[in-house]
Amino acid sequence: MPSASESPYAIRATDIHLTYRTTMDVNPTLKTSVSRIFGGRREVRTIEALKGVSIDVPRGGVLGVIGHNGAGKSTLLRVLAGILPPTSGKVEVYGEISTLLSLGLGFNRNLSGRENVMLGGLAAGLTRPEIRERFDEIVAFSGLEEFIDFPVRAYSSGMTGRLAFSVSVHMDPDILLVDEALSAGDASFKKKATMKMRELCDKAGSIVLVSHALQSVRELSTECILLDHGNLVAAGEPRPVIKEYQRRINVGEEASTTEDL
Ligand SMILES: Nc1ncnc2c1ncn2[C@@H]1O[C@H](COP(=O)(O)OP(=O)(O)OP(=O)(O)O)[C@@H](O)[C@H]1O
Ligand SMILES: [Mg+2]
């Protein structure tokens, strides 16, 4: 496998299938939970979340991933991150990945912001002195100086998202995977985060951005893919891919300005 600097791609994923196996009640009724105690029937069902998806994430680019709820976007990110092994298909990653899969996932809500920054840094493979060196910058970027010693459970969802984003981008990743993490951020933080993501791309970093905020996707992405029921149904320039999504869900153009798809 070529090293990070030799490959034109940050990630290549080929023909990815991901099937979840989950149990469900057969003939569910209100009594099911009671009857289960007496041996009520449960069956294993499968959900094909990804049905043969292939993508290339270019170095120094942002790949936007859009699609309806349940389309398979988060599943794709988990596969790219190596959290979920694909049922079949191949994922090649060239570089260090930092993931921001959902708001503060990985944060211990009973620990302070400060402790979570330290733990996040250690989890990303930094040494304690390296984290200490970056600590002030991480906190300053999040704008949470006054709250950094409060437990994270006392943070609003936007505040949690700010800190999580700040930790992820300050790990100097080659590849940043972001799943809706900015959705709770206010306008000023979104602007800061957008600038930071551009900076990362200028340094040849790559980003995969899952979002329903179509305007942000249009502004940030260099390429875009549309998932529909686990299939990749459109790929290429962000504008036509977003248009195709709007056509499919029949909401018209206005939805991309209200940022609520
Ligand atoms: N842990 C799981 N176990 C079983 N099925 C799952 C699991 N996670 C997701 N799924 C199923 O896989 C499909 C894709 O889900 P996924 O979370 O990837 O969608 P998404 O595009 O991220 O949706 P959203 O826009 O709502 O975040 C859905 O049908 C969902 O029900
Ligand atoms: Mg999702």
# chains A, B, ... in the order shown; residues from 1 in each chain; ligands from 1
>>> select_by_dssp(residues="stretch 65-175 of chain A", states="alpha helix (DSSP H)", output="ChimeraX atom specification")
/A:73-81,113-123,128-142,157-169
>>> closest_atom_pairs(of="chain A", to="ligand 1", cutoff="9 Å", atoms="only C-alpha atoms and all ligand atoms", output="Markdown table")
| residue | atom | partner | partner_atom_place_in_ligand_line | distance |
| --- | --- | --- | --- | --- |
| A:Leu18 | CA | ligand 1 | 12 (O) | 8.6 |
| A:Thr19 | CA | ligand 1 | 12 (O) | 7.9 |
| A:Tyr20 | CA | ligand 1 | 4 (C) | 4.9 |
| A:Arg21 | CA | ligand 1 | 4 (C) | 6.1 |
| A:Thr22 | CA | ligand 1 | 4 (C) | 5.5 |
| A:Thr23 | CA | ligand 1 | 4 (C) | 8.8 |
| A:Thr46 | CA | ligand 1 | 4 (C) | 7.6 |
| A:Ile47 | CA | ligand 1 | 5 (N) | 5.8 |
| A:Glu48 | CA | ligand 1 | 12 (O) | 6.7 |
| A:Ala49 | CA | ligand 1 | 12 (O) | 4.3 |
| A:Leu50 | CA | ligand 1 | 14 (C) | 7.5 |
| A:Val65 | CA | ligand 1 | 21 (O) | 8.9 |
| A:Ile66 | CA | ligand 1 | 21 (O) | 7.7 |
| A:Gly67 | CA | ligand 1 | 21 (O) | 6.1 |
| A:His68 | CA | ligand 1 | 25 (O) | 5.5 |
| A:Asn69 | CA | ligand 1 | 25 (O) | 3.4 |
| A:Gly70 | CA | ligand 1 | 19 (O) | 3.3 |
| A:Ala71 | CA | ligand 1 | 21 (O) | 3.8 |
| A:Gly72 | CA | ligand 1 | 18 (O) | 3.2 |
| A:Lys73 | CA | ligand 1 | 21 (O) | 3.7 |
| A:Ser74 | CA | ligand 1 | 22 (O) | 3.7 |
| A:Thr75 | CA | ligand 1 | 18 (O) | 3.7 |
| A:Leu76 | CA | ligand 1 | 18 (O) | 6.5 |
| A:Leu77 | CA | ligand 1 | 18 (O) | 8.1 |
| A:Arg78 | CA | ligand 1 | 18 (O) | 8.4 |
| A:Asp179 | CA | ligand 1 | 22 (O) | 8.1 |
| A:Glu180 | CA | ligand 1 | 27 (O) | 7.9 |
| A:Val210 | CA | ligand 1 | 22 (O) | 8.0 |
| A:Ser211 | CA | ligand 1 | 25 (O) | 7.8 |
| A:His212 | CA | ligand 1 | 25 (O) | 7.2 |
| A:Leu227 | CA | ligand 1 | 21 (O) | 7.5 |
| A:Asp228 | CA | ligand 1 | 21 (O) | 8.3 |
| A:His229 | CA | ligand 1 | 29 (O) | 7.4 |
| A:Gly230 | CA | ligand 1 | 14 (C) | 7.0 |
| A:Leu261 | CA | ligand 1 | 25 (O) | 8.8 |
>>> atom_distance(atom1="atom CA of A:Ala124", atom2="atom CA of A:Leu214")
29.6 Å
>>> atom_distance(atom1="atom CA of A:Arg59", atom2="atom CA of A:Val178")
15.9 Å
>>> closest_residue(among="A:Ile249, A:Ser183, A:Thr127, A:Asn116", to="ligand 2", atoms="only C-alpha atoms and all ligand atoms")
A:Ser183
>>> closest_residue(among="A:Ala154, A:Lys190, A:Met195, A:Ala181", to="ligand 2", atoms="only C-alpha atoms and all ligand atoms")
A:Ala181
>>> atom_distance(atom1="atom CA of A:Arg132", atom2="atom CA of A:Pro151")
19.3 Å
>>> closest_residue(among="A:Leu177, A:Leu100, A:Gly61, A:Ala140", to="A:Pro8", atoms="only C-alpha atoms")
A:Gly61
>>> closest_residue(among="A:Met159, A:Ile207, A:Val44, A:Ile131", to="A:Ile175", atoms="only C-alpha atoms")
A:Ile207
>>> select_by_dssp(residues="stretch 184-228 of chain A", states="strand (DSSP E or B)", output="list in words")
Ser206, Ile207, Val208, Leu209, Val210, Glu223, Cys224, Ile225, Leu226, Leu227 and Asp228 of chain A
>>> closest_residue(among="A:Ile97, A:Ile242, A:Val91, A:Ala235", to="A:Val217", atoms="only C-alpha atoms")
A:Ile242
>>> closest_residue(among="A:Leu209, A:Val241, A:Arg41, A:Val233", to="ligand 2", atoms="only C-alpha atoms and all ligand atoms")
A:Leu209
